[in-house]
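Structure file run_31.cif; described as mmCIF, C-alpha atoms.
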```cif
data_query
#
loop_
_atom_site.group_PDB
_atom_site.id
_atom_site.type_symbol
_atom_site.label_atom_id
_atom_site.label_comp_id
_atom_site.auth_asym_id
_atom_site.auth_seq_id
_atom_site.Cartn_x
_atom_site.Cartn_y
_atom_site.Cartn_z
ATOM 1 C CA MET U 7 13.523 -13.421 -15.629
ATOM 2 C CA SER U 8 10.129 -12.231 -14.694
ATOM 3 C CA LEU U 9 9.913 -8.954 -12.852
ATOM 4 C CA PHE U 10 6.240 -9.175 -12.079
ATOM 5 C CA LYS U 11 5.075 -12.292 -10.395
ATOM 6 C CA LYS U 12 1.860 -13.435 -8.877
ATOM 7 C CA SER U 13 3.760 -15.848 -6.654
ATOM 8 C CA ALA U 14 4.407 -15.357 -2.978
ATOM 9 C CA ILE U 15 7.927 -14.193 -3.694
ATOM 10 C CA PRO U 16 7.865 -10.455 -4.009
ATOM 11 C CA VAL U 17 9.980 -8.779 -6.584
ATOM 12 C CA ILE U 18 10.674 -5.284 -5.473
ATOM 13 C CA GLY U 19 13.513 -5.086 -7.698
ATOM 14 C CA LEU U 20 15.056 -4.311 -10.879
ATOM 15 C CA ALA U 21 13.941 -1.967 -13.263
ATOM 16 C CA LEU U 22 14.234 -2.975 -16.775
ATOM 17 C CA VAL U 23 10.826 -1.442 -17.061
ATOM 18 C CA ALA U 24 10.612 2.179 -17.932
ATOM 19 C CA SER U 25 9.459 4.599 -15.312
ATOM 20 C CA ILE U 26 5.948 5.606 -16.048
ATOM 21 C CA ALA U 27 4.419 8.936 -15.348
ATOM 22 C CA VAL U 28 1.073 8.120 -13.847
ATOM 23 C CA ALA U 29 -1.765 9.947 -12.225
ATOM 24 C CA GLY U 30 -0.579 11.544 -9.066
ATOM 25 C CA SER U 31 2.745 12.659 -10.403
ATOM 26 C CA HIS U 32 3.009 16.401 -10.278
ATOM 27 C CA GLY U 33 6.761 16.633 -9.852
ATOM 28 C CA ALA U 34 9.388 17.516 -12.348
ATOM 29 C CA GLY U 35 11.309 14.254 -12.403
ATOM 30 C CA PRO U 36 10.535 11.282 -14.617
ATOM 31 C CA HIS U 37 10.786 8.953 -11.621
ATOM 32 C CA ASP U 38 8.667 10.951 -9.185
ATOM 33 C CA ALA U 39 5.614 8.722 -9.477
ATOM 34 C CA ALA U 40 7.680 5.578 -9.012
ATOM 35 C CA ILE U 41 9.482 6.998 -5.991
ATOM 36 C CA LYS U 42 6.205 8.101 -4.420
ATOM 37 C CA ALA U 43 4.724 4.679 -5.007
ATOM 38 C CA ARG U 44 7.528 2.822 -3.265
ATOM 39 C CA GLN U 45 7.570 5.362 -0.443
ATOM 40 C CA SER U 46 3.826 4.862 -0.072
ATOM 41 C CA GLN U 47 4.397 1.149 0.325
ATOM 42 C CA MET U 48 7.014 1.868 3.011
ATOM 43 C CA LYS U 49 4.618 4.209 4.839
ATOM 44 C CA LEU U 50 1.979 1.513 4.909
ATOM 45 C CA TYR U 51 4.524 -0.931 6.277
ATOM 46 C CA ALA U 52 5.455 1.584 8.979
ATOM 47 C CA PHE U 53 1.858 2.359 9.899
ATOM 48 C CA ASN U 54 0.859 -1.265 10.320
ATOM 49 C CA LEU U 55 4.086 -2.360 11.959
ATOM 50 C CA GLY U 56 3.828 0.673 14.236
ATOM 51 C CA MET U 57 0.509 -0.552 15.615
ATOM 52 C CA LEU U 58 1.806 -4.074 16.092
ATOM 53 C CA GLY U 59 4.970 -2.775 17.726
ATOM 54 C CA ALA U 60 2.968 -0.585 20.087
ATOM 55 C CA MET U 61 0.938 -3.626 21.142
ATOM 56 C CA ALA U 62 4.056 -5.730 21.560
ATOM 57 C CA LYS U 63 5.577 -3.062 23.798
ATOM 58 C CA GLY U 64 2.414 -2.650 25.836
ATOM 59 C CA GLU U 65 1.946 0.917 24.640
ATOM 60 C CA MET U 66 -1.337 0.028 22.998
ATOM 61 C CA GLU U 67 -3.860 -2.493 24.225
ATOM 62 C CA TYR U 68 -3.654 -5.801 22.381
ATOM 63 C CA ASN U 69 -6.643 -6.378 20.162
ATOM 64 C CA ALA U 70 -6.735 -9.630 18.250
ATOM 65 C CA GLU U 71 -8.666 -8.324 15.275
ATOM 66 C CA THR U 72 -6.617 -5.166 14.952
ATOM 67 C CA ALA U 73 -3.416 -7.181 15.221
ATOM 68 C CA ALA U 74 -4.546 -9.762 12.689
ATOM 69 C CA GLY U 75 -5.654 -7.069 10.252
ATOM 70 C CA ALA U 76 -2.402 -5.127 10.530
ATOM 71 C CA ALA U 77 -0.291 -8.257 10.141
ATOM 72 C CA GLU U 78 -2.339 -9.364 7.162
ATOM 73 C CA ASN U 79 -1.733 -5.928 5.652
ATOM 74 C CA LEU U 80 2.014 -6.421 6.035
ATOM 75 C CA ALA U 81 1.746 -9.790 4.321
ATOM 76 C CA LYS U 82 -0.163 -8.238 1.418
ATOM 77 C CA LEU U 83 2.295 -5.374 1.113
ATOM 78 C CA SER U 84 5.205 -7.809 1.113
ATOM 79 C CA THR U 85 3.839 -9.744 -1.850
ATOM 80 C CA MET U 86 2.940 -6.792 -4.042
ATOM 81 C CA SER U 87 4.611 -6.532 -7.449
ATOM 82 C CA MET U 88 6.654 -3.377 -7.111
ATOM 83 C CA ALA U 89 9.176 -3.634 -9.953
ATOM 84 C CA ALA U 90 7.703 -0.619 -11.720
ATOM 85 C CA ALA U 91 8.399 1.485 -8.639
ATOM 86 C CA TRP U 92 12.138 0.820 -8.813
ATOM 87 C CA PRO U 93 13.256 2.022 -12.250
ATOM 88 C CA GLN U 94 16.956 2.211 -12.941
ATOM 89 C CA GLY U 95 18.189 5.734 -12.488
ATOM 90 C CA SER U 96 15.937 6.409 -9.513
ATOM 91 C CA ASP U 97 18.651 6.062 -6.870
ATOM 92 C CA ASN U 98 19.863 8.835 -4.618
ATOM 93 C CA SER U 99 22.923 9.533 -6.728
ATOM 94 C CA ALA U 100 20.716 10.301 -9.703
ATOM 95 C CA VAL U 101 17.647 12.034 -8.291
ATOM 96 C CA ASP U 102 16.470 13.963 -5.264
ATOM 97 C CA GLY U 103 13.812 12.853 -2.853
ATOM 98 C CA THR U 104 14.974 9.295 -2.285
ATOM 99 C CA ARG U 105 17.329 7.498 0.062
ATOM 100 C CA ALA U 106 17.593 4.455 -2.208
ATOM 101 C CA LEU U 107 21.263 3.656 -2.775
ATOM 102 C CA PRO U 108 22.639 2.630 -6.184
ATOM 103 C CA ALA U 109 23.659 -0.705 -4.617
ATOM 104 C CA ILE U 110 20.022 -1.802 -4.866
ATOM 105 C CA TRP U 111 20.388 -2.115 -8.601
ATOM 106 C CA GLU U 112 23.999 -3.281 -8.532
ATOM 107 C CA LYS U 113 23.288 -6.190 -6.209
ATOM 108 C CA TYR U 114 19.871 -7.118 -7.424
ATOM 109 C CA PRO U 115 19.723 -10.828 -6.593
ATOM 110 C CA ASP U 116 20.391 -9.941 -2.973
ATOM 111 C CA ILE U 117 17.291 -7.740 -2.912
ATOM 112 C CA VAL U 118 15.196 -10.671 -4.056
ATOM 113 C CA GLU U 119 16.480 -12.690 -1.105
ATOM 114 C CA LYS U 120 15.824 -9.854 1.304
ATOM 115 C CA SER U 121 12.305 -9.332 0.087
ATOM 116 C CA LYS U 122 11.642 -13.042 0.290
ATOM 117 C CA ALA U 123 12.724 -12.910 3.936
ATOM 118 C CA MET U 124 10.244 -10.091 4.470
ATOM 119 C CA SER U 125 7.323 -11.895 2.871
ATOM 120 C CA GLU U 126 8.080 -15.026 4.894
ATOM 121 C CA ALA U 127 8.352 -13.133 8.178
ATOM 122 C CA ALA U 128 5.156 -11.217 7.430
ATOM 123 C CA ALA U 129 3.281 -14.392 6.527
ATOM 124 C CA THR U 130 4.371 -15.998 9.792
ATOM 125 C CA LEU U 131 3.295 -12.932 11.750
ATOM 126 C CA ALA U 132 -0.060 -12.861 9.950
ATOM 127 C CA ASP U 133 -0.629 -16.479 10.929
ATOM 128 C CA VAL U 134 -0.243 -15.816 14.645
ATOM 129 C CA ALA U 135 -0.839 -12.127 15.355
ATOM 130 C CA GLY U 136 -4.525 -12.692 16.095
ATOM 131 C CA THR U 137 -3.872 -15.540 18.508
ATOM 132 C CA ASP U 138 -2.605 -13.633 21.505
ATOM 133 C CA LEU U 139 -0.039 -11.089 22.591
ATOM 134 C CA ASP U 140 2.669 -13.638 23.253
ATOM 135 C CA ALA U 141 2.334 -15.051 19.753
ATOM 136 C CA LEU U 142 2.539 -11.551 18.322
ATOM 137 C CA ARG U 143 5.626 -10.807 20.375
ATOM 138 C CA GLY U 144 7.257 -14.023 19.231
ATOM 139 C CA ALA U 145 6.848 -13.284 15.531
ATOM 140 C CA ILE U 146 7.230 -9.518 15.188
ATOM 141 C CA GLY U 147 10.998 -9.508 15.664
ATOM 142 C CA ASP U 148 11.667 -11.274 12.393
ATOM 143 C CA VAL U 149 9.630 -8.694 10.531
ATOM 144 C CA GLY U 150 11.669 -5.884 12.044
ATOM 145 C CA LYS U 151 14.805 -7.790 11.159
ATOM 146 C CA ALA U 152 13.618 -8.146 7.577
ATOM 147 C CA CYS U 153 13.020 -4.382 7.356
ATOM 148 C CA GLY U 154 16.555 -3.796 8.556
ATOM 149 C CA GLY U 155 17.856 -6.429 6.162
ATOM 150 C CA CYS U 156 17.207 -4.021 3.310
ATOM 151 C CA HIS U 157 17.406 -0.677 5.070
ATOM 152 C CA LYS U 158 20.851 -1.151 6.526
ATOM 153 C CA PRO U 159 22.698 -1.953 3.297
ATOM 154 C CA TYR U 160 20.470 -0.181 0.795
ATOM 155 C CA ARG U 161 19.072 2.990 2.325
ATOM 156 C CA ALA U 162 21.022 6.187 2.949
ATOM 157 C CA GLU U 163 20.929 7.793 6.374
ATOM 158 C CA GLU U 164 18.403 10.551 6.788
ATOM 159 C CA SER U 165 20.087 13.801 5.875
ATOM 160 C CA MET Z 24 -19.494 -5.009 14.405
ATOM 161 C CA SER Z 25 -15.975 -5.881 13.528
ATOM 162 C CA LEU Z 26 -13.873 -3.107 12.088
ATOM 163 C CA PHE Z 27 -10.954 -5.289 11.156
ATOM 164 C CA LYS Z 28 -11.726 -8.273 9.024
ATOM 165 C CA LYS Z 29 -9.678 -10.825 7.250
ATOM 166 C CA SER Z 30 -12.509 -11.452 4.826
ATOM 167 C CA ALA Z 31 -12.629 -10.239 1.281
ATOM 168 C CA ILE Z 32 -14.857 -7.360 2.267
ATOM 169 C CA PRO Z 33 -12.648 -4.435 3.056
ATOM 170 C CA VAL Z 34 -13.522 -2.180 5.902
ATOM 171 C CA ILE Z 35 -12.004 1.170 5.222
ATOM 172 C CA GLY Z 36 -14.212 2.653 7.634
ATOM 173 C CA LEU Z 37 -15.162 3.826 10.906
ATOM 174 C CA ALA Z 38 -12.940 4.865 13.452
ATOM 175 C CA LEU Z 39 -13.939 3.888 16.835
ATOM 176 C CA VAL Z 40 -10.296 3.060 17.207
ATOM 177 C CA ALA Z 41 -8.071 5.771 18.453
ATOM 178 C CA SER Z 42 -5.641 7.375 16.106
ATOM 179 C CA ILE Z 43 -2.221 6.037 16.801
ATOM 180 C CA ALA Z 44 0.980 7.932 16.436
ATOM 181 C CA VAL Z 45 3.279 5.489 14.756
ATOM 182 C CA ALA Z 46 6.717 5.515 13.282
ATOM 183 C CA GLY Z 47 6.801 7.873 10.383
ATOM 184 C CA SER Z 48 4.683 10.551 11.941
ATOM 185 C CA HIS Z 49 6.638 13.731 12.340
ATOM 186 C CA GLY Z 50 3.751 16.152 12.042
ATOM 187 C CA ALA Z 51 2.011 18.125 14.703
ATOM 188 C CA GLY Z 52 -1.438 16.580 14.435
ATOM 189 C CA PRO Z 53 -2.614 13.467 16.236
ATOM 190 C CA HIS Z 54 -4.051 12.085 13.001
ATOM 191 C CA ASP Z 55 -1.073 12.756 10.746
ATOM 192 C CA ALA Z 56 0.119 9.154 10.635
ATOM 193 C CA ALA Z 57 -3.358 7.868 9.882
ATOM 194 C CA ILE Z 58 -3.902 10.408 7.123
ATOM 195 C CA LYS Z 59 -0.538 9.609 5.563
ATOM 196 C CA ALA Z 60 -1.321 5.911 5.690
ATOM 197 C CA ARG Z 61 -4.621 6.233 3.843
ATOM 198 C CA GLN Z 62 -3.085 8.644 1.341
ATOM 199 C CA SER Z 63 -0.310 6.123 0.770
ATOM 200 C CA GLN Z 64 -2.903 3.504 -0.037
ATOM 201 C CA MET Z 65 -4.520 5.908 -2.517
ATOM 202 C CA LYS Z 66 -1.152 6.639 -4.148
ATOM 203 C CA LEU Z 67 -0.549 2.936 -4.633
ATOM 204 C CA TYR Z 68 -3.984 2.595 -6.177
ATOM 205 C CA ALA Z 69 -3.185 5.479 -8.522
ATOM 206 C CA PHE Z 70 0.233 4.135 -9.486
ATOM 207 C CA ASN Z 71 -1.041 0.690 -10.377
ATOM 208 C CA LEU Z 72 -4.243 1.854 -12.011
ATOM 209 C CA GLY Z 73 -2.190 4.414 -13.910
ATOM 210 C CA MET Z 74 -0.140 1.663 -15.548
ATOM 211 C CA LEU Z 75 -3.219 -0.359 -16.392
ATOM 212 C CA GLY Z 76 -4.996 2.712 -17.735
ATOM 213 C CA ALA Z 77 -2.001 3.591 -19.893
ATOM 214 C CA MET Z 78 -2.064 0.089 -21.377
ATOM 215 C CA ALA Z 79 -5.817 0.232 -21.926
ATOM 216 C CA LYS Z 80 -5.444 3.538 -23.774
ATOM 217 C CA GLY Z 81 -2.541 2.283 -25.864
ATOM 218 C CA GLU Z 82 -0.130 4.766 -24.277
ATOM 219 C CA MET Z 83 1.984 1.936 -22.891
ATOM 220 C CA GLU Z 84 2.618 -1.395 -24.507
ATOM 221 C CA TYR Z 85 0.482 -4.169 -23.057
ATOM 222 C CA ASN Z 86 2.496 -6.642 -21.037
ATOM 223 C CA ALA Z 87 0.612 -9.537 -19.518
ATOM 224 C CA GLU Z 88 2.824 -9.938 -16.471
ATOM 225 C CA THR Z 89 2.976 -6.247 -15.715
ATOM 226 C CA ALA Z 90 -0.782 -5.987 -16.097
ATOM 227 C CA ALA Z 91 -1.447 -9.024 -13.933
ATOM 228 C CA GLY Z 92 0.916 -7.770 -11.232
ATOM 229 C CA ALA Z 93 -0.596 -4.308 -11.154
ATOM 230 C CA ALA Z 94 -4.148 -5.650 -11.061
ATOM 231 C CA GLU Z 95 -3.218 -8.081 -8.296
ATOM 232 C CA ASN Z 96 -1.783 -5.132 -6.381
ATOM 233 C CA LEU Z 97 -5.114 -3.321 -6.686
ATOM 234 C CA ALA Z 98 -6.906 -6.404 -5.382
ATOM 235 C CA LYS Z 99 -4.565 -6.582 -2.391
ATOM 236 C CA LEU Z 100 -4.925 -2.888 -1.657
ATOM 237 C CA SER Z 101 -8.703 -3.167 -1.833
ATOM 238 C CA THR Z 102 -8.803 -5.878 0.827
ATOM 239 C CA MET Z 103 -6.459 -4.269 3.314
ATOM 240 C CA SER Z 104 -7.804 -3.496 6.787
ATOM 241 C CA MET Z 105 -7.640 0.265 6.900
ATOM 242 C CA ALA Z 106 -9.949 1.177 9.798
ATOM 243 C CA ALA Z 107 -7.068 2.558 11.837
ATOM 244 C CA ALA Z 108 -6.310 5.012 9.057
ATOM 245 C CA TRP Z 109 -9.750 6.618 9.292
ATOM 246 C CA PRO Z 110 -10.094 7.823 12.885
ATOM 247 C CA GLN Z 111 -13.015 10.017 13.746
ATOM 248 C CA GLY Z 112 -11.975 13.627 13.766
ATOM 249 C CA SER Z 113 -9.656 13.237 10.792
ATOM 250 C CA ASP Z 114 -11.986 14.843 8.239
ATOM 251 C CA ASN Z 115 -11.277 18.041 6.367
ATOM 252 C CA SER Z 116 -13.463 20.146 8.673
ATOM 253 C CA ALA Z 117 -11.317 19.139 11.639
ATOM 254 C CA VAL Z 118 -7.768 18.926 10.313
ATOM 255 C CA ASP Z 119 -5.585 20.173 7.493
ATOM 256 C CA GLY Z 120 -3.970 18.027 4.856
ATOM 257 C CA THR Z 121 -6.925 15.875 3.929
ATOM 258 C CA ARG Z 122 -9.796 16.051 1.469
ATOM 259 C CA ALA Z 123 -11.861 13.478 3.375
ATOM 260 C CA LEU Z 124 -15.348 14.878 3.975
ATOM 261 C CA PRO Z 125 -17.176 14.450 7.305
ATOM 262 C CA ALA Z 126 -19.875 12.534 5.404
ATOM 263 C CA ILE Z 127 -17.563 9.513 5.383
ATOM 264 C CA TRP Z 128 -18.169 9.030 9.080
ATOM 265 C CA GLU Z 129 -21.796 10.185 9.008
ATOM 266 C CA LYS Z 130 -22.797 7.680 6.339
ATOM 267 C CA TYR Z 131 -20.589 4.818 7.299
ATOM 268 C CA PRO Z 132 -22.580 1.836 6.022
ATOM 269 C CA ASP Z 133 -22.486 3.373 2.564
ATOM 270 C CA ILE Z 134 -18.683 3.367 2.638
ATOM 271 C CA VAL Z 135 -18.702 -0.353 3.333
ATOM 272 C CA GLU Z 136 -20.829 -0.884 0.219
ATOM 273 C CA LYS Z 137 -18.554 1.306 -1.859
ATOM 274 C CA SER Z 138 -15.425 -0.449 -0.727
ATOM 275 C CA LYS Z 139 -17.025 -3.802 -1.407
ATOM 276 C CA ALA Z 140 -17.686 -2.636 -4.960
ATOM 277 C CA MET Z 141 -14.017 -1.719 -5.244
ATOM 278 C CA SER Z 142 -12.735 -5.056 -3.990
ATOM 279 C CA GLU Z 143 -15.084 -6.912 -6.335
ATOM 280 C CA ALA Z 144 -14.084 -4.830 -9.355
ATOM 281 C CA ALA Z 145 -10.400 -5.216 -8.509
ATOM 282 C CA ALA Z 146 -10.734 -8.972 -8.069
ATOM 283 C CA THR Z 147 -12.425 -9.259 -11.461
ATOM 284 C CA LEU Z 148 -9.709 -7.174 -13.076
ATOM 285 C CA ALA Z 149 -6.997 -9.257 -11.412
ATOM 286 C CA ASP Z 150 -8.587 -12.390 -12.834
ATOM 287 C CA VAL Z 151 -8.387 -11.198 -16.430
ATOM 288 C CA ALA Z 152 -5.741 -8.478 -16.717
ATOM 289 C CA GLY Z 153 -3.036 -10.979 -17.643
ATOM 290 C CA THR Z 154 -5.116 -12.621 -20.363
ATOM 291 C CA ASP Z 155 -4.961 -9.983 -23.058
ATOM 292 C CA LEU Z 156 -5.531 -6.316 -23.731
ATOM 293 C CA ASP Z 157 -9.188 -6.746 -24.585
ATOM 294 C CA ALA Z 158 -9.844 -8.493 -21.289
ATOM 295 C CA LEU Z 159 -8.049 -5.714 -19.442
ATOM 296 C CA ARG Z 160 -10.069 -3.096 -21.285
ATOM 297 C CA GLY Z 161 -13.283 -4.895 -20.470
ATOM 298 C CA ALA Z 162 -12.664 -4.950 -16.728
ATOM 299 C CA ILE Z 163 -10.825 -1.736 -15.942
ATOM 300 C CA GLY Z 164 -13.860 0.502 -16.255
ATOM 301 C CA ASP Z 165 -15.551 -0.931 -13.197
ATOM 302 C CA VAL Z 166 -12.470 -0.230 -11.112
ATOM 303 C CA GLY Z 167 -12.461 3.388 -12.204
ATOM 304 C CA LYS Z 168 -16.160 3.563 -11.445
ATOM 305 C CA ALA Z 169 -15.536 2.160 -7.971
ATOM 306 C CA CYS Z 170 -12.881 4.834 -7.321
ATOM 307 C CA GLY Z 171 -15.384 7.483 -8.298
ATOM 308 C CA GLY Z 172 -18.037 5.820 -6.174
ATOM 309 C CA CYS Z 173 -16.228 7.060 -3.097
ATOM 310 C CA HIS Z 174 -14.415 10.086 -4.448
ATOM 311 C CA LYS Z 175 -17.448 11.843 -5.816
ATOM 312 C CA PRO Z 176 -19.533 11.904 -2.627
ATOM 313 C CA TYR Z 177 -16.789 11.757 -0.029
ATOM 314 C CA ARG Z 178 -13.759 13.685 -1.226
ATOM 315 C CA ALA Z 179 -13.484 17.463 -1.392
ATOM 316 C CA GLU Z 180 -12.360 19.121 -4.595
ATOM 317 C CA GLU Z 181 -8.687 19.942 -4.776
ATOM 318 C CA SER Z 182 -8.235 23.441 -3.452
#
```

Output the file's structure as structure tokens, nothing else.
Amino acid sequence: MSLFKKSAIPVIGLALVASIAVAGSHGAGPHDAAIKARQSQMKLYAFNLGMLGAMAKGEMEYNAETAAGAAENLAKLSTMSMAAAWPQGSDNSAVDGTRALPAIWEKYPDIVEKSKAMSEAAATLADVAGTDLDALRGAIGDVGKACGGCHKPYRAEES
Amino acid sequence: MSLFKKSAIPVIGLALVASIAVAGSHGAGPHDAAIKARQSQMKLYAFNLGMLGAMAKGEMEYNAETAAGAAENLAKLSTMSMAAAWPQGSDNSAVDGTRALPAIWEKYPDIVEKSKAMSEAAATLADVAGTDLDALRGAIGDVGKACGGCHKPYRAEES
């Protein structure tokens, strides 16, 4: 099975690949760079979804270009090849600094389904977010649901 | 001028938009979320380019799918709409926790050129990285050069 795909189906998953110490890793752990990379992806999700959510709630003025750009960012993030950022042994029972539960690796095929749901919801949102506020409001819920689809079963509570 | 585009030309730039406090911002500063978002983008650049660089140098075995995925990630990152992550007043003379020089905002059109160079270099690399190691080696240099194109004039030294 291919862990890195160019297709629209994102593969966040498994980690038959070794964790690689890359530029930007200053920590002590062998998985620090990988953990930072996946957390960076999550931060970019949060930043872009935060803007869209603020517009949807009326806390920020709707702007079609801003909305379209942010939604397009989510779609790009959701189709990135992130397998290298999820090496085995980088769960929260093995290392500090992550809330990723071991179940991620134990139930891998489920993660593929969840991430597919995210890329589909993000693509739908990207298609309509620049149309108008109602269209944005109609599509953003499924993206939030897709976030929760992974976070609820696979992420530890904040300690 | 549009700050958020869906075109292939990335607009990292200007920040006529207000800085938005979004989910994930726990800091004290109004620009914390924006700064974290742009730093997250940079970390993802570094992680993916790190893998490709390791392959190019022979420090990691070349794998066509891994290389193609990482290069495609760079291309996606380089075309994200990041204007909201660069609000005015978020330079290193105004706030802590960033190495972004005020010149970024003073010389804005230059940044657009630099980021265009990055998206072009990343697209070229994405086209060939999965072909073979020689093709990867031939295209990775321009990506590194494009990183430096912004970092040299617009990023403070690490203190």

Residues picked by the PyMOL selection byres ((chain Z) within 6 of (chain U)) here, as number ranges by chain? Z: 27, 45-46, 60, 63, 67, 69-70, 73, 88-89, 92, 96, 103-104

If the PyMOL selection byres ((chain Z and resi 137) around 12) is run on the structure shown, which residues does it catch, given as JSON, numbers by chain? {"Z": [32, 33, 34, 35, 36, 101, 127, 130, 131, 132, 133, 134, 135, 136, 138, 139, 140, 141, 142, 143, 144, 165, 166, 168, 169, 170, 171, 172, 173, 174, 175, 176, 177]}

Store the residues picked out above, limited to C-alpha atoms, as a compact mmCIF listing (two decimals), in the coordinates of the input.
```txt
# COMPACT_ATOMS: atom_id res chain seq x y z
CA ILE Z 32 -14.86 -7.36 2.27
CA PRO Z 33 -12.65 -4.43 3.06
CA VAL Z 34 -13.52 -2.18 5.90
CA ILE Z 35 -12.00 1.17 5.22
CA GLY Z 36 -14.21 2.65 7.63
CA SER Z 101 -8.70 -3.17 -1.83
CA ILE Z 127 -17.56 9.51 5.38
CA LYS Z 130 -22.80 7.68 6.34
CA TYR Z 131 -20.59 4.82 7.30
CA PRO Z 132 -22.58 1.84 6.02
CA ASP Z 133 -22.49 3.37 2.56
CA ILE Z 134 -18.68 3.37 2.64
CA VAL Z 135 -18.70 -0.35 3.33
CA GLU Z 136 -20.83 -0.88 0.22
CA SER Z 138 -15.42 -0.45 -0.73
CA LYS Z 139 -17.02 -3.80 -1.41
CA ALA Z 140 -17.69 -2.64 -4.96
CA MET Z 141 -14.02 -1.72 -5.24
CA SER Z 142 -12.74 -5.06 -3.99
CA GLU Z 143 -15.08 -6.91 -6.34
CA ALA Z 144 -14.08 -4.83 -9.36
CA ASP Z 165 -15.55 -0.93 -13.20
CA VAL Z 166 -12.47 -0.23 -11.11
CA LYS Z 168 -16.16 3.56 -11.44
CA ALA Z 169 -15.54 2.16 -7.97
CA CYS Z 170 -12.88 4.83 -7.32
CA GLY Z 171 -15.38 7.48 -8.30
CA GLY Z 172 -18.04 5.82 -6.17
CA CYS Z 173 -16.23 7.06 -3.10
CA HIS Z 174 -14.42 10.09 -4.45
CA LYS Z 175 -17.45 11.84 -5.82
CA PRO Z 176 -19.53 11.90 -2.63
CA TYR Z 177 -16.79 11.76 -0.03
```

Find the residues near Z:Arg122: any atom within 8 Å, counting only C-alpha atoms, skip ones fewer than 4 places away on the same chain, and give them as a CSV table (one decimal) with C-alpha atoms, in the frame of the given file.
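Final output, part_24.csv:
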```
chain,number,residue,atom,x,y,z
Z,114,ASP,CA,-12.0,14.8,8.2
Z,115,ASN,CA,-11.3,18.0,6.4
Z,178,ARG,CA,-13.8,13.7,-1.2
Z,179,ALA,CA,-13.5,17.5,-1.4
Z,180,GLU,CA,-12.4,19.1,-4.6
Z,181,GLU,CA,-8.7,19.9,-4.8
```

Close residues, Z:Arg160 itself excluded, 9 Å, all atoms listed in the file, min 5 positions apart in chain, as a PDB file with C-alpha atoms, keeping the file's coordinate frame:
```pdb
ATOM      1  CA  LEU Z  75      -3.219  -0.359 -16.392  1.00  0.00           C
ATOM      2  CA  GLY Z  76      -4.996   2.712 -17.735  1.00  0.00           C
ATOM      3  CA  MET Z  78      -2.064   0.089 -21.377  1.00  0.00           C
ATOM      4  CA  ALA Z  79      -5.817   0.232 -21.926  1.00  0.00           C
ATOM      5  CA  LYS Z  80      -5.444   3.538 -23.774  1.00  0.00           C
ATOM      6  CA  ALA Z 152      -5.741  -8.478 -16.717  1.00  0.00           C
ATOM      7  CA  ASP Z 155      -4.961  -9.983 -23.058  1.00  0.00           C
TER       8      ASP Z 155
END
```

One-decimal distance in Å that lies between atom CA of Z:Ile58 and atom CA of U:His37: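 That distance, rounded to one decimal, is 23.9 Å.
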
One number please: atom CA of U:Ala132 to atom CA of U:Gly147, in Å, one decimal.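 These two atoms are separated by 12.9 Å.
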
Work out how far apart atom CA of U:Gln94 and atom CA of U:Trp111 are and give it in Å to one decimal. 7.0 Å

Write stretch 108-115 of chain Z as a PDB file, in the coordinates of the input, completed to N, CA, C and O atoms.
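Okay, this is what ended up in rebuild-v8.pdb:
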```
ATOM      1  N   ALA Z 108      -6.729   3.841   9.818  1.00  0.00           N
ATOM      2  CA  ALA Z 108      -6.310   5.012   9.057  1.00  0.00           C
ATOM      3  C   ALA Z 108      -7.426   6.044   8.889  1.00  0.00           C
ATOM      4  O   ALA Z 108      -7.224   7.084   8.270  1.00  0.00           O
ATOM      5  N   TRP Z 109      -8.592   5.724   9.439  1.00  0.00           N
ATOM      6  CA  TRP Z 109      -9.750   6.618   9.292  1.00  0.00           C
ATOM      7  C   TRP Z 109     -10.356   6.953  10.658  1.00  0.00           C
ATOM      8  O   TRP Z 109     -11.547   6.751  10.881  1.00  0.00           O
ATOM      9  N   PRO Z 110      -9.553   7.486  11.562  1.00  0.00           N
ATOM     10  CA  PRO Z 110     -10.094   7.823  12.885  1.00  0.00           C
ATOM     11  C   PRO Z 110     -11.105   8.968  12.811  1.00  0.00           C
ATOM     12  O   PRO Z 110     -10.975   9.862  11.966  1.00  0.00           O
ATOM     13  N   GLN Z 111     -12.074   8.900  13.680  1.00  0.00           N
ATOM     14  CA  GLN Z 111     -13.015  10.017  13.746  1.00  0.00           C
ATOM     15  C   GLN Z 111     -12.256  11.284  14.105  1.00  0.00           C
ATOM     16  O   GLN Z 111     -11.323  11.251  14.905  1.00  0.00           O
ATOM     17  N   GLY Z 112     -12.669  12.378  13.508  1.00  0.00           N
ATOM     18  CA  GLY Z 112     -11.975  13.627  13.766  1.00  0.00           C
ATOM     19  C   GLY Z 112     -10.837  13.881  12.796  1.00  0.00           C
ATOM     20  O   GLY Z 112     -10.081  14.840  12.954  1.00  0.00           O
ATOM     21  N   SER Z 113     -10.730  13.032  11.779  1.00  0.00           N
ATOM     22  CA  SER Z 113      -9.656  13.237  10.792  1.00  0.00           C
ATOM     23  C   SER Z 113     -10.214  13.670   9.443  1.00  0.00           C
ATOM     24  O   SER Z 113      -9.620  13.432   8.400  1.00  0.00           O
ATOM     25  N   ASP Z 114     -11.381  14.324   9.478  1.00  0.00           N
ATOM     26  CA  ASP Z 114     -11.986  14.843   8.239  1.00  0.00           C
ATOM     27  C   ASP Z 114     -11.492  16.259   7.964  1.00  0.00           C
ATOM     28  O   ASP Z 114     -10.833  16.874   8.799  1.00  0.00           O
ATOM     29  N   ASN Z 115     -11.840  16.744   6.791  1.00  0.00           N
ATOM     30  CA  ASN Z 115     -11.277  18.041   6.367  1.00  0.00           C
ATOM     31  C   ASN Z 115     -11.899  19.249   7.074  1.00  0.00           C
ATOM     32  O   ASN Z 115     -11.430  20.366   6.891  1.00  0.00           O
TER      33      ASN Z 115
END
```
